[in-house]
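**Q** So that we are looking at the same thing, I have put the structure below in structure tokens.
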2 protein chains.
Amino acid sequence: MTSPEMTQESAAAHPAEPIGFERHDHASCIADGLAEAEARCVAKGLRLTPVRRKALEILLQEHRALGAYDMLDRLRASGFGSQPPVAYRALDFLVAGGFAHKIECLNAFIACAHPGAQHTPAFMICRTCEAVAEAQAAPARGSLGKAARASGFAIERTVVEAEGLCPACQDGAQDEAGA
Amino acid sequence: MTSPEMTQESAAAHPAEPIGFERHDHASCIADGLAEAEARCVAKGLRLTPVRRKALEILLQEHRALGAYDMLDRLRASGFGSQPPVAYRALDFLVAGGFAHKIECLNAFIACAHPGAQHTPAFMICRTCEAVAEAQAAPARGSLGKAARASGFAIERTVVEAEGLCPACQDGAQDEAGA
DNA sequence: GGACTCCATGTGATTTTGTAACATTCGACG
DNA sequence: CGTCGAATGTTACAAAATCACATGGAGTCC
């Protein structure tokens with residue numbers, strides 16, 4: 001449920017905006033994400049079981065990617081099983097349902113920032129603070145799409161990830177360079 | 001185990017074309033790739049040592065991504081060291097020098113198809129036959145670039161990978177569906 | 001109600017992928 | 001020759017992911 005109860009001036013407005021580097025009402029991030037997921041699971045006949053729900057909640061707590069073993073640690077701390085498949089199964093469910101994404105270049109997972117939106121996610125990953133922002137991409141429209149059409153390749157899924165520096169860490173880097 | 005149809009009329013023309021799904025003079029792929037690498041190493045003061053050269057040759061032998069341990073097996077078969085760092089170091093060198101790329105979503109490596117070209121590679125990966133074609137992307141110009149500029153994110157490197165079906169495997173899938 | 005089935009969960013063991021750390025070798029250079 | 005740095009080789013280990021199998025709970029069918 002998008003309830004922009006934003007405490008800040010410009011909290012991410014509509015779902016196509018990248019979030020993660022900007023101020024926003026983080027508490028509602030989590031609540032909204034869980035509510036969305038519940039609604040969508042009911043609608044699609046999926047079972048948002050306790051582990052799965054907890055895993056999503058854990059992911060929603062940060063705009064960073066979490067490794068499967070970090071997730072496992074936290075699930076264990078919440079009283080769930082302590083073997084790798086516990087984490088991987090929950091994450092697989094979330095990814096399959098579109099509630100989370102895998103960041104391939106980090107071998108890590110992050111909650112989806114635009115649940116419900118038709119998905120061709122693209123990620124901006126800060127190499128310093130590890131924050132991750134999700135944007136919408138349209139790779140099929142750019143040069144990749146052109147190459148695919150030219151060669152007859154049928155795209156089914158795309159991975160688009162950009163590594164670099166978020167605004168805050170750019171400032172930090174400047175400070176260090178100056179000092 | 002080379003592709004049945006090589007030494008055909010159309011050797012890949014210019015470097016901006018995706019190759020890998022098309023017929024081309026594969027023998028010259030390898031020879032050219034090695035020659036290019038040698039020249040570029042001389043120019044840049046890099047050392048294309050025997051292991052590194054062999055690793056590149058192995059990669060050039062296929063338009064598929066090779067796992068580090070597959071690489072290790074082949075290097076061992078050629079008389080080089082047999083421990084993981086041997087393969088990883090050679091691959092790191094090739095990637096750092098722009099002679100190869102890592103396919104993040106496969107945890108595997110492939111020879112660069114456009115050596116020398118300024119690089120923002122994009123890959124098309126067939127999920128059936130595992131062939132990989134490399135194209136040039138310009139993600140900074142599309143919606144990702146727009147999102148980055150909007151949020152102040154400084155892109156340093158991009159990962160663009162498309163999974164799907166290559167032309168040949170689309171035909172294969174049709175055959176099976178029909179039968 | 002009882003048996004059956006499907007799916008989710010828990011667990012042990014293993015495979016696959018990737019690094020850390022350290023000894024050795026070899027060419028460049030004074 | 002001595003030494004310095006880069007490259008290689010090897011041992012050991014860490015991190016990421018999967019396999020295989022047992023358990024348990026919610027429906028369903030009779």
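Each chain of the structure tokens is named A, B, ... in the order shown, its residues numbered from 1; ligands are numbered from 1 in display order.
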Any idea what's packed within 8 Å of Glu163 of chain B, counting only C-alpha atoms (C1' of nucleotides), ignoring anything in its chain fewer than 4 positions away? Could you give it as a list in words?
**A**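 With the cut-off at 8 Å, the set is Ile155, Glu156, Arg157 and Thr158 of chain A; Met124, Ile125, Cys126 and Arg127 of chain B.
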**Q** What are the residues of chain C that have an atom within 9 Å of an atom of chain B, counting only C-alpha atoms (C1' of nucleotides), as a ChimeraX atom specification?
**A** /C:16-19
**Q** Any chance you could dump chain A, least-squares fitted to chain B on all C-alpha atoms in order, as a PDB file with C-alpha atoms, in the first residue's frame?
**A**
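Written file, superposed_29.pdb:
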ATOM      1  CA  MET A   1      44.304  -9.381 -36.344  1.00  0.00           C
ATOM      2  CA  THR A   2      40.991  -9.373 -38.120  1.00  0.00           C
ATOM      3  CA  SER A   3      41.469 -11.690 -41.038  1.00  0.00           C
ATOM      4  CA  PRO A   4      37.942 -12.566 -42.118  1.00  0.00           C
ATOM      5  CA  GLU A   5      38.999 -15.754 -43.808  1.00  0.00           C
ATOM      6  CA  MET A   6      35.415 -16.829 -43.384  1.00  0.00           C
ATOM      7  CA  THR A   7      34.373 -20.128 -44.782  1.00  0.00           C
ATOM      8  CA  GLN A   8      30.735 -19.151 -44.366  1.00  0.00           C
ATOM      9  CA  GLU A   9      28.619 -16.590 -46.093  1.00  0.00           C
ATOM     10  CA  SER A  10      28.021 -14.163 -43.294  1.00  0.00           C
ATOM     11  CA  ALA A  11      30.712 -14.562 -40.724  1.00  0.00           C
ATOM     12  CA  ALA A  12      30.665 -11.816 -38.141  1.00  0.00           C
ATOM     13  CA  ALA A  13      31.807  -8.808 -40.020  1.00  0.00           C
ATOM     14  CA  HIS A  14      32.836  -5.954 -37.812  1.00  0.00           C
ATOM     15  CA  PRO A  15      33.573  -5.989 -34.107  1.00  0.00           C
ATOM     16  CA  ALA A  16      30.270  -4.522 -32.983  1.00  0.00           C
ATOM     17  CA  GLU A  17      28.348  -7.585 -34.152  1.00  0.00           C
ATOM     18  CA  PRO A  18      27.310 -10.190 -31.657  1.00  0.00           C
ATOM     19  CA  ILE A  19      28.983 -13.466 -32.347  1.00  0.00           C
ATOM     20  CA  GLY A  20      28.448 -16.793 -30.750  1.00  0.00           C
ATOM     21  CA  PHE A  21      25.108 -17.757 -32.238  1.00  0.00           C
ATOM     22  CA  GLU A  22      26.283 -17.472 -35.783  1.00  0.00           C
ATOM     23  CA  ARG A  23      28.533 -19.467 -38.004  1.00  0.00           C
ATOM     24  CA  HIS A  24      32.041 -18.283 -38.210  1.00  0.00           C
ATOM     25  CA  ASP A  25      35.560 -19.491 -38.729  1.00  0.00           C
ATOM     26  CA  HIS A  26      36.232 -20.725 -35.254  1.00  0.00           C
ATOM     27  CA  ALA A  27      39.859 -21.620 -35.853  1.00  0.00           C
ATOM     28  CA  SER A  28      40.575 -18.034 -36.705  1.00  0.00           C
ATOM     29  CA  CYS A  29      38.632 -16.959 -33.622  1.00  0.00           C
ATOM     30  CA  ILE A  30      41.276 -18.629 -31.519  1.00  0.00           C
ATOM     31  CA  ALA A  31      44.283 -17.631 -33.567  1.00  0.00           C
ATOM     32  CA  ASP A  32      43.122 -14.055 -33.886  1.00  0.00           C
ATOM     33  CA  GLY A  33      42.297 -13.800 -30.230  1.00  0.00           C
ATOM     34  CA  LEU A  34      45.716 -14.991 -29.173  1.00  0.00           C
ATOM     35  CA  ALA A  35      47.494 -12.790 -31.671  1.00  0.00           C
ATOM     36  CA  GLU A  36      45.488  -9.774 -30.572  1.00  0.00           C
ATOM     37  CA  ALA A  37      46.280 -10.448 -26.954  1.00  0.00           C
ATOM     38  CA  GLU A  38      49.964 -10.838 -27.632  1.00  0.00           C
ATOM     39  CA  ALA A  39      50.098  -7.606 -29.548  1.00  0.00           C
ATOM     40  CA  ARG A  40      48.166  -5.737 -26.913  1.00  0.00           C
ATOM     41  CA  CYS A  41      50.311  -7.100 -24.112  1.00  0.00           C
ATOM     42  CA  VAL A  42      53.466  -5.977 -25.840  1.00  0.00           C
ATOM     43  CA  ALA A  43      51.942  -2.595 -26.449  1.00  0.00           C
ATOM     44  CA  LYS A  44      50.867  -2.175 -22.855  1.00  0.00           C
ATOM     45  CA  GLY A  45      53.862  -3.770 -21.200  1.00  0.00           C
ATOM     46  CA  LEU A  46      51.904  -6.696 -19.831  1.00  0.00           C
ATOM     47  CA  ARG A  47      53.290 -10.178 -19.573  1.00  0.00           C
ATOM     48  CA  LEU A  48      51.309 -12.854 -21.353  1.00  0.00           C
ATOM     49  CA  THR A  49      52.981 -15.723 -19.519  1.00  0.00           C
ATOM     50  CA  PRO A  50      52.415 -19.386 -20.386  1.00  0.00           C
ATOM     51  CA  VAL A  51      49.571 -19.967 -17.898  1.00  0.00           C
ATOM     52  CA  ARG A  52      47.851 -16.808 -18.929  1.00  0.00           C
ATOM     53  CA  ARG A  53      48.218 -17.595 -22.569  1.00  0.00           C
ATOM     54  CA  LYS A  54      46.946 -21.103 -22.054  1.00  0.00           C
ATOM     55  CA  ALA A  55      43.988 -19.831 -20.058  1.00  0.00           C
ATOM     56  CA  LEU A  56      43.064 -17.457 -22.844  1.00  0.00           C
ATOM     57  CA  GLU A  57      43.402 -20.227 -25.392  1.00  0.00           C
ATOM     58  CA  ILE A  58      41.099 -22.421 -23.326  1.00  0.00           C
ATOM     59  CA  LEU A  59      38.506 -19.676 -23.117  1.00  0.00           C
ATOM     60  CA  LEU A  60      38.760 -18.977 -26.817  1.00  0.00           C
ATOM     61  CA  GLN A  61      38.027 -22.594 -27.602  1.00  0.00           C
ATOM     62  CA  GLU A  62      34.379 -22.094 -26.789  1.00  0.00           C
ATOM     63  CA  HIS A  63      31.739 -19.456 -26.953  1.00  0.00           C
ATOM     64  CA  ARG A  64      30.575 -20.565 -23.565  1.00  0.00           C
ATOM     65  CA  ALA A  65      31.376 -19.354 -20.128  1.00  0.00           C
ATOM     66  CA  LEU A  66      33.759 -21.528 -18.172  1.00  0.00           C
ATOM     67  CA  GLY A  67      33.778 -21.772 -14.394  1.00  0.00           C
ATOM     68  CA  ALA A  68      37.041 -21.109 -12.619  1.00  0.00           C
ATOM     69  CA  TYR A  69      37.247 -24.734 -11.551  1.00  0.00           C
ATOM     70  CA  ASP A  70      36.674 -25.994 -15.068  1.00  0.00           C
ATOM     71  CA  MET A  71      39.497 -23.744 -16.083  1.00  0.00           C
ATOM     72  CA  LEU A  72      41.581 -25.110 -13.264  1.00  0.00           C
ATOM     73  CA  ASP A  73      40.977 -28.672 -14.451  1.00  0.00           C
ATOM     74  CA  ARG A  74      42.104 -27.821 -17.931  1.00  0.00           C
ATOM     75  CA  LEU A  75      45.133 -25.928 -16.777  1.00  0.00           C
ATOM     76  CA  ARG A  76      46.104 -28.849 -14.607  1.00  0.00           C
ATOM     77  CA  ALA A  77      45.684 -31.140 -17.604  1.00  0.00           C
ATOM     78  CA  SER A  78      48.145 -28.908 -19.429  1.00  0.00           C
ATOM     79  CA  GLY A  79      50.717 -29.265 -16.720  1.00  0.00           C
ATOM     80  CA  PHE A  80      50.115 -26.148 -14.671  1.00  0.00           C
ATOM     81  CA  GLY A  81      49.467 -25.861 -10.963  1.00  0.00           C
ATOM     82  CA  SER A  82      46.373 -27.477  -9.584  1.00  0.00           C
ATOM     83  CA  GLN A  83      45.238 -25.138  -6.833  1.00  0.00           C
ATOM     84  CA  PRO A  84      42.432 -22.596  -7.243  1.00  0.00           C
ATOM     85  CA  PRO A  85      44.623 -19.488  -7.168  1.00  0.00           C
ATOM     86  CA  VAL A  86      46.297 -20.668 -10.367  1.00  0.00           C
ATOM     87  CA  ALA A  87      43.054 -20.354 -12.262  1.00  0.00           C
ATOM     88  CA  TYR A  88      41.849 -17.247 -10.481  1.00  0.00           C
ATOM     89  CA  ARG A  89      45.078 -15.397 -11.052  1.00  0.00           C
ATOM     90  CA  ALA A  90      45.137 -16.163 -14.740  1.00  0.00           C
ATOM     91  CA  LEU A  91      41.497 -15.161 -15.057  1.00  0.00           C
ATOM     92  CA  ASP A  92      42.043 -11.981 -13.081  1.00  0.00           C
ATOM     93  CA  PHE A  93      44.824 -11.021 -15.417  1.00  0.00           C
ATOM     94  CA  LEU A  94      42.724 -11.668 -18.491  1.00  0.00           C
ATOM     95  CA  VAL A  95      39.764  -9.754 -17.125  1.00  0.00           C
ATOM     96  CA  ALA A  96      41.892  -6.836 -15.989  1.00  0.00           C
ATOM     97  CA  GLY A  97      43.503  -6.656 -19.414  1.00  0.00           C
ATOM     98  CA  GLY A  98      40.177  -6.798 -21.188  1.00  0.00           C
ATOM     99  CA  PHE A  99      40.916 -10.160 -22.789  1.00  0.00           C
ATOM    100  CA  ALA A 100      38.085 -11.892 -20.982  1.00  0.00           C
ATOM    101  CA  HIS A 101      34.952 -11.050 -19.061  1.00  0.00           C
ATOM    102  CA  LYS A 102      33.220 -12.452 -16.055  1.00  0.00           C
ATOM    103  CA  ILE A 103      29.603 -13.443 -16.464  1.00  0.00           C
ATOM    104  CA  GLU A 104      28.265 -12.501 -13.066  1.00  0.00           C
ATOM    105  CA  CYS A 105      25.051 -14.424 -13.169  1.00  0.00           C
ATOM    106  CA  LEU A 106      26.921 -17.637 -13.936  1.00  0.00           C
ATOM    107  CA  ASN A 107      30.044 -17.113 -11.875  1.00  0.00           C
ATOM    108  CA  ALA A 108      31.937 -17.961 -15.008  1.00  0.00           C
ATOM    109  CA  PHE A 109      34.303 -16.473 -17.535  1.00  0.00           C
ATOM    110  CA  ILE A 110      34.388 -15.994 -21.267  1.00  0.00           C
ATOM    111  CA  ALA A 111      36.917 -14.729 -23.776  1.00  0.00           C
ATOM    112  CA  CYS A 112      36.304 -11.238 -25.017  1.00  0.00           C
ATOM    113  CA  ALA A 113      34.799 -11.252 -28.464  1.00  0.00           C
ATOM    114  CA  HIS A 114      35.753  -7.709 -29.333  1.00  0.00           C
ATOM    115  CA  PRO A 115      39.293  -7.258 -28.110  1.00  0.00           C
ATOM    116  CA  GLY A 116      40.423  -3.728 -28.476  1.00  0.00           C
ATOM    117  CA  ALA A 117      36.992  -2.268 -28.873  1.00  0.00           C
ATOM    118  CA  GLN A 118      36.120   0.201 -26.157  1.00  0.00           C
ATOM    119  CA  HIS A 119      34.265  -1.866 -23.763  1.00  0.00           C
ATOM    120  CA  THR A 120      30.808  -1.868 -22.352  1.00  0.00           C
ATOM    121  CA  PRO A 121      30.022  -5.472 -23.016  1.00  0.00           C
ATOM    122  CA  ALA A 122      26.564  -6.966 -22.844  1.00  0.00           C
ATOM    123  CA  PHE A 123      25.925 -10.674 -22.907  1.00  0.00           C
ATOM    124  CA  MET A 124      23.176 -12.902 -24.198  1.00  0.00           C
ATOM    125  CA  ILE A 125      23.193 -16.197 -22.380  1.00  0.00           C
ATOM    126  CA  CYS A 126      21.201 -19.205 -23.531  1.00  0.00           C
ATOM    127  CA  ARG A 127      19.781 -20.981 -20.521  1.00  0.00           C
ATOM    128  CA  THR A 128      19.596 -24.274 -22.402  1.00  0.00           C
ATOM    129  CA  CYS A 129      22.820 -24.715 -24.348  1.00  0.00           C
ATOM    130  CA  GLU A 130      24.748 -22.148 -22.314  1.00  0.00           C
ATOM    131  CA  ALA A 131      26.116 -20.423 -25.381  1.00  0.00           C
ATOM    132  CA  VAL A 132      27.071 -16.837 -24.745  1.00  0.00           C
ATOM    133  CA  ALA A 133      27.188 -14.035 -27.263  1.00  0.00           C
ATOM    134  CA  GLU A 134      28.780 -10.700 -26.601  1.00  0.00           C
ATOM    135  CA  ALA A 135      27.343  -7.479 -27.893  1.00  0.00           C
ATOM    136  CA  GLN A 136      28.163  -3.873 -27.279  1.00  0.00           C
ATOM    137  CA  ALA A 137      25.881  -2.027 -24.946  1.00  0.00           C
ATOM    138  CA  ALA A 138      25.492   1.624 -24.208  1.00  0.00           C
ATOM    139  CA  PRO A 139      23.641   1.520 -20.932  1.00  0.00           C
ATOM    140  CA  ALA A 140      24.710   5.032 -20.096  1.00  0.00           C
ATOM    141  CA  ARG A 141      22.582   6.246 -22.973  1.00  0.00           C
ATOM    142  CA  GLY A 142      19.393   4.491 -21.980  1.00  0.00           C
ATOM    143  CA  SER A 143      17.121   4.690 -18.999  1.00  0.00           C
ATOM    144  CA  LEU A 144      19.860   3.593 -16.648  1.00  0.00           C
ATOM    145  CA  GLY A 145      22.041   6.477 -17.721  1.00  0.00           C
ATOM    146  CA  LYS A 146      19.144   8.828 -17.253  1.00  0.00           C
ATOM    147  CA  ALA A 147      18.507   7.546 -13.750  1.00  0.00           C
ATOM    148  CA  ALA A 148      22.198   7.850 -12.922  1.00  0.00           C
ATOM    149  CA  ARG A 149      22.369  11.439 -14.085  1.00  0.00           C
ATOM    150  CA  ALA A 150      19.171  12.278 -12.269  1.00  0.00           C
ATOM    151  CA  SER A 151      20.451  10.954  -8.967  1.00  0.00           C
ATOM    152  CA  GLY A 152      24.054  12.036  -9.375  1.00  0.00           C
ATOM    153  CA  PHE A 153      25.453   8.517  -9.509  1.00  0.00           C
ATOM    154  CA  ALA A 154      28.795   8.138 -11.323  1.00  0.00           C
ATOM    155  CA  ILE A 155      28.902   4.901 -13.268  1.00  0.00           C
ATOM    156  CA  GLU A 156      32.279   3.222 -13.450  1.00  0.00           C
ATOM    157  CA  ARG A 157      31.415  -0.233 -14.694  1.00  0.00           C
ATOM    158  CA  THR A 158      28.272  -1.902 -15.865  1.00  0.00           C
ATOM    159  CA  VAL A 159      27.098  -5.477 -15.855  1.00  0.00           C
ATOM    160  CA  VAL A 160      24.548  -6.210 -18.545  1.00  0.00           C
ATOM    161  CA  GLU A 161      23.463  -9.781 -19.009  1.00  0.00           C
ATOM    162  CA  ALA A 162      20.385 -11.192 -20.677  1.00  0.00           C
ATOM    163  CA  GLU A 163      19.241 -14.741 -20.056  1.00  0.00           C
ATOM    164  CA  GLY A 164      16.997 -16.417 -22.554  1.00  0.00           C
ATOM    165  CA  LEU A 165      16.975 -18.763 -25.496  1.00  0.00           C
ATOM    166  CA  CYS A 166      19.286 -18.696 -28.472  1.00  0.00           C
ATOM    167  CA  PRO A 167      17.781 -19.267 -31.920  1.00  0.00           C
ATOM    168  CA  ALA A 168      18.731 -22.935 -32.033  1.00  0.00           C
ATOM    169  CA  CYS A 169      17.224 -23.707 -28.624  1.00  0.00           C
ATOM    170  CA  GLN A 170      14.019 -21.872 -29.469  1.00  0.00           C
ATOM    171  CA  ASP A 171      13.560 -24.306 -32.327  1.00  0.00           C
ATOM    172  CA  GLY A 172      14.334 -27.189 -30.020  1.00  0.00           C
ATOM    173  CA  ALA A 173      11.759 -26.010 -27.515  1.00  0.00           C
ATOM    174  CA  GLN A 174       9.151 -25.818 -30.260  1.00  0.00           C
ATOM    175  CA  ASP A 175       9.895 -29.386 -31.317  1.00  0.00           C
ATOM    176  CA  GLU A 176       9.364 -30.612 -27.782  1.00  0.00           C
ATOM    177  CA  ALA A 177       6.185 -28.615 -27.368  1.00  0.00           C
ATOM    178  CA  GLY A 178       4.866 -30.086 -30.599  1.00  0.00           C
ATOM    179  CA  ALA A 179       5.787 -33.659 -29.668  1.00  0.00           C
TER     180      ALA A 179
END
**Q** Quick check, in Å to one decimal: how far apart do atom C1' of DA3 of chain C and atom C1' of DC30 of chain D lie?
**A** 8.8 Å
**Q** List every residue of segment 7-176 of chain B that DSSP, applied to the backbone of this structure, assigns to strand (DSSP E), and report them as an MDAnalysis selection string.
**A** chainID B and resid 100:103 108:111 121:126 132:136 154:165
**Q** Compile a residue-level contact table for chain D against chain A at a cut-off of 9 Å, reporting for every qualifying residue the shortest atom pair and its distance in Å to one decimal, with only C-alpha atoms (C1' of nucleotides) counted, rows ordered by chain and ascending number, as CSV.
**A**
residue,atom,partner,partner_atom,distance
D:DA15,C1',A:Tyr69,CA,8.8
D:DA16,C1',A:Asn107,CA,7.9
D:DA17,C1',A:Pro84,CA,8.3
D:DT18,C1',A:Pro85,CA,8.3
**Q** Neighbours of DT28 of chain D within 12 Å (only C-alpha atoms (C1' of nucleotides); same-chain residues fewer than 5 positions away dropped), as a ChimeraX atom specification?
**A** /C:3-6
**Q** Might you pull out every residue within 10 Å of DT25 of chain C, with only C-alpha atoms (C1' of nucleotides) counted and same-chain residues fewer than 2 positions away left off, and present them as a VMD selection string?
**A** (chain C and resid 23 27) or (chain D and resid 7 to 9)
**Q** Just list the residues in chain B DSSP gives alpha helix (DSSP H) on the backbone, as a ChimeraX atom specification.
**A** /B:26-44,50-60,68-77,84-97,143-151,167-178
**Q** Residues at most 12 Å from DC22 of chain C, counting only C-alpha atoms (C1' of nucleotides), excluding those fewer than 4 positions away in the same chain, as a ChimeraX atom specification?
**A** /D:9-12
**Q** May I ask for the distance between atom C1' of DC26 of chain C and atom C1' of DC1 of chain D, given in Å to one decimal place?
**A**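 Answer for the atom C1' of DC26 of chain C to atom C1' of DC1 of chain D separation: 15.5 Å.
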